[in-house]
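Novice: This structure is in structure tokens; I'll ask about it shortly.
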Amino acid sequence: MNGLQGRKVVLGVTGGVAAYKAAELVRLLGKAGADVHVVLTEGGARFVTAVTFQALSGNTVWSDLWDARMPNNMAHIDLGREADAILVAPATADFIARVVHGLADDLLTTLCLARDVPLILAPAMNRQMWESPPTQRNIAQLRVDGVAVFGPAAGDQACGEVGMGRMLEPEEIVEQLEGFFVPKRLAGRKVVMTAGPTFEPIDPVRGITNISSGKMGYALARACAQAGADVVLVSGPVALPVPVGVKRIAAASALAMRTAVLESVHDADVFIGVAAVADYRPLQTAEHKIKKSGEALTITLTQNPDILAEVAALPAAPFCVGFAAESRDLDAYAESKRQKKRLPLLVGNLVSDGMGGDDNTVILYDDAGRHPLPRASKAAVARGIVDHLAGMLPART
Ligand code: PMT
């Protein structure tokens, strides 16, 4: 199963101002393929009405423990029984306390107590409520009880204060929920990778770059993190959100990227080069903006170091995965790059398929041959690459 496609999620909405974000959360969960069933508490309904959630989810919204619409009158059992997870967002301090103590005096707390599926809470509250000893004790107890907690985040709060306690943004909750269902095949592994283009400066305002968007690399970083890896992403200049759980190091030029990779890779299990690193850079960067002279301008280029080849040649090299974007003869060029750099695995794609867009078509090349993956979103392609890679990694000693 891919991500949230086909997952049934019971979404509990409790009475906090962040309930307004739950409406967007329902929309995004639905967009990711989940079947969302909202359970709205009395407090939650004071912020957003059931009509909104019903319209966005396309499903009946449940609130009442005694609702007679469920044929056997057992909404508290049936909703949880058919779900893949119960997610409560926002989860107020009061709701968290009631779950910790096993109270079951409304539909949502009863569902939480009567469940045999994972329970995930996304807390949302004022920073003092979050920092208070009772709430902190309750959060610690939730973890002991095997309840997952997403967030909270720090930032501006509805009460005008600034601090810890904001509910995560709906996009982040969806990303964390997707990750929750991914088998942790890279648990305990450190993955260092590169993504995006490089920018090779000519003068203070100009440079040589390429059309890589970073989307493939960021999708792969997210997939590795969701599979349990500790991920360091050395990124060229792109404006993409950093995937949850990923450490991003910005490196604009090939030389900066090389330095960041070599500083991070010594204890890595895996290195993945997704970046479209410039093969050449201007030999000299002008200190000041180059002015028009009326003459042709010649810029001398010098070759950049090959970061992937350098990492693969390290005495205790991690498992190295290369990428190759070609405009023709993909099989021949990809396999020759893999052989030349002595890589156990290389991901080949056509420039027309892979650069810039949201989807990609890739072929994986290893000693066993070529393994085409179906055309799919970069997120789905990344999950396919992680599955293949995880199967090739030597067992940990
Ligand atoms: O960013 P997107 O828009 O999503 O596009 C994704 C992508 C097309 C850029 C990506 O899927 C991809 O194919 N990346 C590799 C681009 C490429 O053609 O690389 P290359 O053939 O120049 O290099 C081969 C391998 O060596 C790559 O793993 C590259 O990261 C690495 N390399 C290359 C040169 C260099 N100086 N150092 C390197 O590490």
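Ligands are numbered from 1 in the order shown, chains are lettered A, B, ... in the order of the structure tokens, and residues start at 1 in each chain.
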At a cut-off of 6 Å and counting only C-alpha atoms and all ligand atoms, what residues surround ligand 1? Please answer as an mmCIF file with all heavy atoms, in the first residue's frame.
Specialist:
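result15.cif, freshly written:
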data_model
loop_
_atom_site.group_PDB
_atom_site.id
_atom_site.type_symbol
_atom_site.label_atom_id
_atom_site.label_comp_id
_atom_site.auth_asym_id
_atom_site.auth_seq_id
_atom_site.Cartn_x
_atom_site.Cartn_y
_atom_site.Cartn_z
ATOM 1 N N GLY A 196 19.112 18.632 -5.798
ATOM 2 C CA GLY A 196 18.996 19.957 -6.413
ATOM 3 C C GLY A 196 20.124 20.255 -7.386
ATOM 4 O O GLY A 196 20.976 19.412 -7.665
ATOM 5 N N SER A 212 17.475 21.418 -12.454
ATOM 6 C CA SER A 212 17.019 20.479 -11.414
ATOM 7 C C SER A 212 16.207 21.255 -10.366
ATOM 8 O O SER A 212 16.640 22.296 -9.875
ATOM 9 C CB SER A 212 18.229 19.811 -10.754
ATOM 10 O OG SER A 212 17.829 19.204 -9.550
ATOM 11 N N SER A 213 15.042 20.704 -10.001
ATOM 12 C CA SER A 213 14.158 21.378 -9.034
ATOM 13 C C SER A 213 14.411 20.916 -7.607
ATOM 14 O O SER A 213 13.918 21.526 -6.659
ATOM 15 C CB SER A 213 12.704 21.056 -9.390
ATOM 16 O OG SER A 213 12.485 19.650 -9.247
ATOM 17 N N GLY A 214 15.116 19.804 -7.465
ATOM 18 C CA GLY A 214 15.330 19.220 -6.136
ATOM 19 C C GLY A 214 14.207 18.280 -5.708
ATOM 20 O O GLY A 214 14.301 17.613 -4.681
ATOM 21 N N LYS A 215 13.122 18.197 -6.517
ATOM 22 C CA LYS A 215 11.946 17.418 -6.069
ATOM 23 C C LYS A 215 12.263 15.939 -5.879
ATOM 24 O O LYS A 215 11.808 15.313 -4.934
ATOM 25 C CB LYS A 215 10.797 17.573 -7.073
ATOM 26 C CG LYS A 215 10.158 18.948 -7.078
ATOM 27 C CD LYS A 215 9.061 19.010 -8.130
ATOM 28 C CE LYS A 215 8.566 20.436 -8.333
ATOM 29 N NZ LYS A 215 7.676 20.565 -9.487
ATOM 30 N N MET A 216 13.067 15.371 -6.802
ATOM 31 C CA MET A 216 13.371 13.936 -6.682
ATOM 32 C C MET A 216 14.207 13.673 -5.417
ATOM 33 O O MET A 216 13.936 12.746 -4.657
ATOM 34 C CB MET A 216 14.138 13.476 -7.943
ATOM 35 C CG MET A 216 14.335 11.981 -8.049
ATOM 36 S SD MET A 216 12.787 11.082 -8.298
ATOM 37 C CE MET A 216 12.702 10.117 -6.820
ATOM 38 N N GLY A 273 23.654 10.201 -4.385
ATOM 39 C CA GLY A 273 23.897 11.446 -5.132
ATOM 40 C C GLY A 273 22.753 11.695 -6.103
ATOM 41 O O GLY A 273 22.730 11.138 -7.203
ATOM 42 N N VAL A 274 21.800 12.519 -5.684
ATOM 43 C CA VAL A 274 20.688 12.865 -6.579
ATOM 44 C C VAL A 274 20.948 14.218 -7.252
ATOM 45 O O VAL A 274 20.362 14.539 -8.281
ATOM 46 C CB VAL A 274 19.337 12.925 -5.812
ATOM 47 C CG1 VAL A 274 18.167 12.920 -6.802
ATOM 48 C CG2 VAL A 274 19.183 11.764 -4.845
ATOM 49 N N ALA A 275 21.834 14.995 -6.668
ATOM 50 C CA ALA A 275 22.053 16.350 -7.189
ATOM 51 C C ALA A 275 22.568 16.331 -8.620
ATOM 52 O O ALA A 275 23.319 15.432 -9.020
ATOM 53 C CB ALA A 275 23.055 17.085 -6.296
ATOM 54 N N ALA A 276 22.127 17.331 -9.363
ATOM 55 C CA ALA A 276 22.678 17.561 -10.696
ATOM 56 C C ALA A 276 23.855 18.532 -10.494
ATOM 57 O O ALA A 276 23.701 19.751 -10.588
ATOM 58 C CB ALA A 276 21.614 18.152 -11.603
ATOM 59 N N VAL A 277 25.001 17.949 -10.151
ATOM 60 C CA VAL A 277 26.184 18.764 -9.830
ATOM 61 C C VAL A 277 26.822 19.248 -11.127
ATOM 62 O O VAL A 277 27.014 18.453 -12.056
ATOM 63 C CB VAL A 277 27.222 17.902 -9.050
ATOM 64 C CG1 VAL A 277 28.398 18.759 -8.605
ATOM 65 C CG2 VAL A 277 26.575 17.207 -7.856
ATOM 66 N N ALA A 278 27.152 20.532 -11.168
ATOM 67 C CA ALA A 278 27.787 21.067 -12.387
ATOM 68 C C ALA A 278 29.132 20.371 -12.593
ATOM 69 O O ALA A 278 29.925 20.253 -11.654
ATOM 70 C CB ALA A 278 28.002 22.568 -12.238
ATOM 71 N N ASP A 279 29.355 19.914 -13.805
ATOM 72 C CA ASP A 279 30.648 19.270 -14.089
ATOM 73 C C ASP A 279 31.768 20.302 -14.155
ATOM 74 O O ASP A 279 32.917 19.984 -13.903
ATOM 75 C CB ASP A 279 30.561 18.506 -15.420
ATOM 76 C CG ASP A 279 29.717 17.243 -15.263
ATOM 77 O OD1 ASP A 279 29.750 16.654 -14.159
ATOM 78 O OD2 ASP A 279 29.007 16.869 -16.225
ATOM 79 N N ASN A 304 34.871 20.349 -12.042
ATOM 80 C CA ASN A 304 34.588 20.176 -10.615
ATOM 81 C C ASN A 304 34.986 18.771 -10.166
ATOM 82 O O ASN A 304 34.977 17.842 -10.972
ATOM 83 C CB ASN A 304 33.079 20.357 -10.358
ATOM 84 C CG ASN A 304 32.723 21.795 -10.081
ATOM 85 O OD1 ASN A 304 33.496 22.532 -9.472
ATOM 86 N ND2 ASN A 304 31.560 22.222 -10.552
ATOM 87 N N PRO A 305 35.287 18.601 -8.883
ATOM 88 C CA PRO A 305 35.518 17.240 -8.393
ATOM 89 C C PRO A 305 34.213 16.447 -8.469
ATOM 90 O O PRO A 305 33.135 17.019 -8.350
ATOM 91 C CB PRO A 305 35.931 17.448 -6.930
ATOM 92 C CG PRO A 305 35.491 18.817 -6.575
ATOM 93 C CD PRO A 305 35.425 19.621 -7.838
ATOM 94 N N ASP A 306 34.326 15.147 -8.675
ATOM 95 C CA ASP A 306 33.136 14.291 -8.706
ATOM 96 C C ASP A 306 32.897 13.764 -7.291
ATOM 97 O O ASP A 306 33.629 12.904 -6.797
ATOM 98 C CB ASP A 306 33.345 13.146 -9.699
ATOM 99 C CG ASP A 306 32.046 12.389 -9.933
ATOM 100 O OD1 ASP A 306 31.382 12.011 -8.947
ATOM 101 O OD2 ASP A 306 31.686 12.198 -11.110
ATOM 102 N N ILE A 307 31.879 14.304 -6.635
ATOM 103 C CA ILE A 307 31.628 14.000 -5.219
ATOM 104 C C ILE A 307 31.309 12.513 -5.039
ATOM 105 O O ILE A 307 31.841 11.842 -4.157
ATOM 106 C CB ILE A 307 30.457 14.855 -4.685
ATOM 107 C CG1 ILE A 307 30.732 16.335 -4.922
ATOM 108 C CG2 ILE A 307 30.211 14.587 -3.202
ATOM 109 C CD1 ILE A 307 29.524 17.251 -4.756
ATOM 110 N N LEU A 308 30.451 12.005 -5.895
ATOM 111 C CA LEU A 308 30.033 10.607 -5.769
ATOM 112 C C LEU A 308 31.229 9.666 -5.951
ATOM 113 O O LEU A 308 31.421 8.722 -5.161
ATOM 114 C CB LEU A 308 28.940 10.309 -6.813
ATOM 115 C CG LEU A 308 28.436 8.890 -6.908
ATOM 116 C CD1 LEU A 308 27.796 8.426 -5.597
ATOM 117 C CD2 LEU A 308 27.401 8.760 -8.046
ATOM 118 N N GLY A 322 24.131 6.101 -7.148
ATOM 119 C CA GLY A 322 24.244 7.230 -8.063
ATOM 120 C C GLY A 322 22.936 7.439 -8.812
ATOM 121 O O GLY A 322 22.057 6.573 -8.832
ATOM 122 N N PHE A 323 22.809 8.595 -9.402
ATOM 123 C CA PHE A 323 21.711 8.896 -10.314
ATOM 124 C C PHE A 323 22.325 9.274 -11.651
ATOM 125 O O PHE A 323 23.465 9.747 -11.698
ATOM 126 C CB PHE A 323 20.870 10.070 -9.797
ATOM 127 C CG PHE A 323 19.690 9.661 -8.953
ATOM 128 C CD1 PHE A 323 19.873 9.089 -7.712
ATOM 129 C CD2 PHE A 323 18.390 9.866 -9.407
ATOM 130 C CE1 PHE A 323 18.793 8.720 -6.923
ATOM 131 C CE2 PHE A 323 17.293 9.503 -8.636
ATOM 132 C CZ PHE A 323 17.492 8.932 -7.397
ATOM 133 N N ALA A 324 21.601 9.093 -12.727
ATOM 134 C CA ALA A 324 22.047 9.570 -14.032
ATOM 135 C C ALA A 324 20.835 10.084 -14.794
ATOM 136 O O ALA A 324 19.835 9.370 -14.902
ATOM 137 C CB ALA A 324 22.719 8.459 -14.820
ATOM 138 N N ALA A 325 20.917 11.315 -15.250
ATOM 139 C CA ALA A 325 19.858 11.872 -16.098
ATOM 140 C C ALA A 325 20.433 11.986 -17.497
ATOM 141 O O ALA A 325 21.432 12.675 -17.702
ATOM 142 C CB ALA A 325 19.422 13.236 -15.579
ATOM 143 N N ASN A 349 17.315 8.018 -15.224
ATOM 144 C CA ASN A 349 16.077 8.615 -15.735
ATOM 145 C C ASN A 349 16.387 9.487 -16.942
ATOM 146 O O ASN A 349 17.514 9.964 -17.118
ATOM 147 C CB ASN A 349 15.302 9.394 -14.665
ATOM 148 C CG ASN A 349 16.119 10.374 -13.845
ATOM 149 O OD1 ASN A 349 15.667 10.882 -12.837
ATOM 150 N ND2 ASN A 349 17.344 10.662 -14.245
ATOM 151 N N VAL A 351 16.066 12.925 -18.944
ATOM 152 C CA VAL A 351 15.882 14.335 -18.563
ATOM 153 C C VAL A 351 14.426 14.742 -18.781
ATOM 154 O O VAL A 351 13.806 15.406 -17.939
ATOM 155 C CB VAL A 351 16.832 15.216 -19.404
ATOM 156 C CG1 VAL A 351 16.509 16.692 -19.215
ATOM 157 C CG2 VAL A 351 18.285 14.933 -19.050
ATOM 158 N N GLY A 354 12.436 13.211 -15.821
ATOM 159 C CA GLY A 354 12.755 13.427 -14.414
ATOM 160 C C GLY A 354 12.995 14.843 -13.970
ATOM 161 O O GLY A 354 12.817 15.165 -12.794
ATOM 162 N N MET A 355 13.431 15.710 -14.891
ATOM 163 C CA MET A 355 13.855 17.040 -14.433
ATOM 164 C C MET A 355 12.686 17.991 -14.296
ATOM 165 O O MET A 355 11.954 18.240 -15.260
ATOM 166 C CB MET A 355 14.882 17.634 -15.390
ATOM 167 C CG MET A 355 16.276 17.142 -15.102
ATOM 168 S SD MET A 355 17.434 18.502 -15.053
ATOM 169 C CE MET A 355 18.953 17.705 -14.664
ATOM 170 N N GLY A 356 12.496 18.493 -13.118
ATOM 171 C CA GLY A 356 11.529 19.565 -12.902
ATOM 172 C C GLY A 356 10.145 19.129 -12.483
ATOM 173 O O GLY A 356 9.580 19.693 -11.563
#
Novice: For Leu262 of chain A, list every protein, DNA or RNA residue within 10 Å, evaluated using only C-alpha atoms, and leave out those in the same chain fewer than 5 positions away; present the list as an MDAnalysis selection string.
Specialist: chainID A and resid 192 257 307 310:311 314
Novice: For the residues in the current selection, export N, CA, C and O atoms as a PDB file, in the first residue's frame.
Specialist:
ATOM      1  N   VAL A 192      23.357   9.877   3.916  1.00  0.00           N
ATOM      2  CA  VAL A 192      23.758  11.221   3.494  1.00  0.00           C
ATOM      3  C   VAL A 192      23.431  11.316   2.015  1.00  0.00           C
ATOM      4  O   VAL A 192      23.694  10.368   1.260  1.00  0.00           O
ATOM      5  N   MET A 257      29.224  21.764  -1.795  1.00  0.00           N
ATOM      6  CA  MET A 257      28.518  20.483  -1.638  1.00  0.00           C
ATOM      7  C   MET A 257      29.504  19.376  -1.279  1.00  0.00           C
ATOM      8  O   MET A 257      29.261  18.551  -0.398  1.00  0.00           O
ATOM      9  N   ILE A 307      31.879  14.304  -6.635  1.00  0.00           N
ATOM     10  CA  ILE A 307      31.628  14.000  -5.219  1.00  0.00           C
ATOM     11  C   ILE A 307      31.309  12.513  -5.039  1.00  0.00           C
ATOM     12  O   ILE A 307      31.841  11.842  -4.157  1.00  0.00           O
ATOM     13  N   GLU A 310      34.276  10.308  -5.467  1.00  0.00           N
ATOM     14  CA  GLU A 310      35.194  10.465  -4.329  1.00  0.00           C
ATOM     15  C   GLU A 310      34.683   9.682  -3.110  1.00  0.00           C
ATOM     16  O   GLU A 310      35.465   9.009  -2.439  1.00  0.00           O
ATOM     17  N   VAL A 311      33.401   9.755  -2.852  1.00  0.00           N
ATOM     18  CA  VAL A 311      32.841   9.024  -1.699  1.00  0.00           C
ATOM     19  C   VAL A 311      32.958   7.525  -1.946  1.00  0.00           C
ATOM     20  O   VAL A 311      33.340   6.760  -1.051  1.00  0.00           O
ATOM     21  N   LEU A 314      36.282   6.066  -1.049  1.00  0.00           N
ATOM     22  CA  LEU A 314      36.796   6.159   0.337  1.00  0.00           C
ATOM     23  C   LEU A 314      37.153   4.754   0.851  1.00  0.00           C
ATOM     24  O   LEU A 314      36.488   3.776   0.482  1.00  0.00           O
TER      25      LEU A 314
END
Novice: Taking only C-alpha atoms into account, which of A:Gly165, A:Gly357, A:Gly3, A:Gly369 comes nearest Pro183 of chain A?
Specialist: A:Gly3
Novice: Compile the contact shell of Val182 of chain A as a PyMOL selection string: residues with an atom at most 8 Å away, counting only C-alpha atoms, same-chain residues fewer than 3 positions apart removed.
Specialist: chain A and resi 3+178-179+226-227
Novice: Compile the contact shell of Glu24 of chain A as an MDAnalysis selection string: residues with an atom at most 8 Å away, counting only C-alpha atoms, same-chain residues fewer than 4 positions apart removed.
Specialist: chainID A and resid 20 28 170
Novice: Pick out the residues sitting within 10 Å of Gln339 of chain A, and hand them over as an MDAnalysis selection string; count only C-alpha atoms, and ignore anything fewer than 6 positions along from it in its own chain.
Specialist: chainID A and resid 333 345:346 366:367
Novice: Have a look at A:Pro243, A:His288, A:Thr41, A:Lys184 and name the one nearest to Arg206 of chain A; count only C-alpha atoms.
Specialist: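 Nearest to Arg206 of chain A: A:His288.
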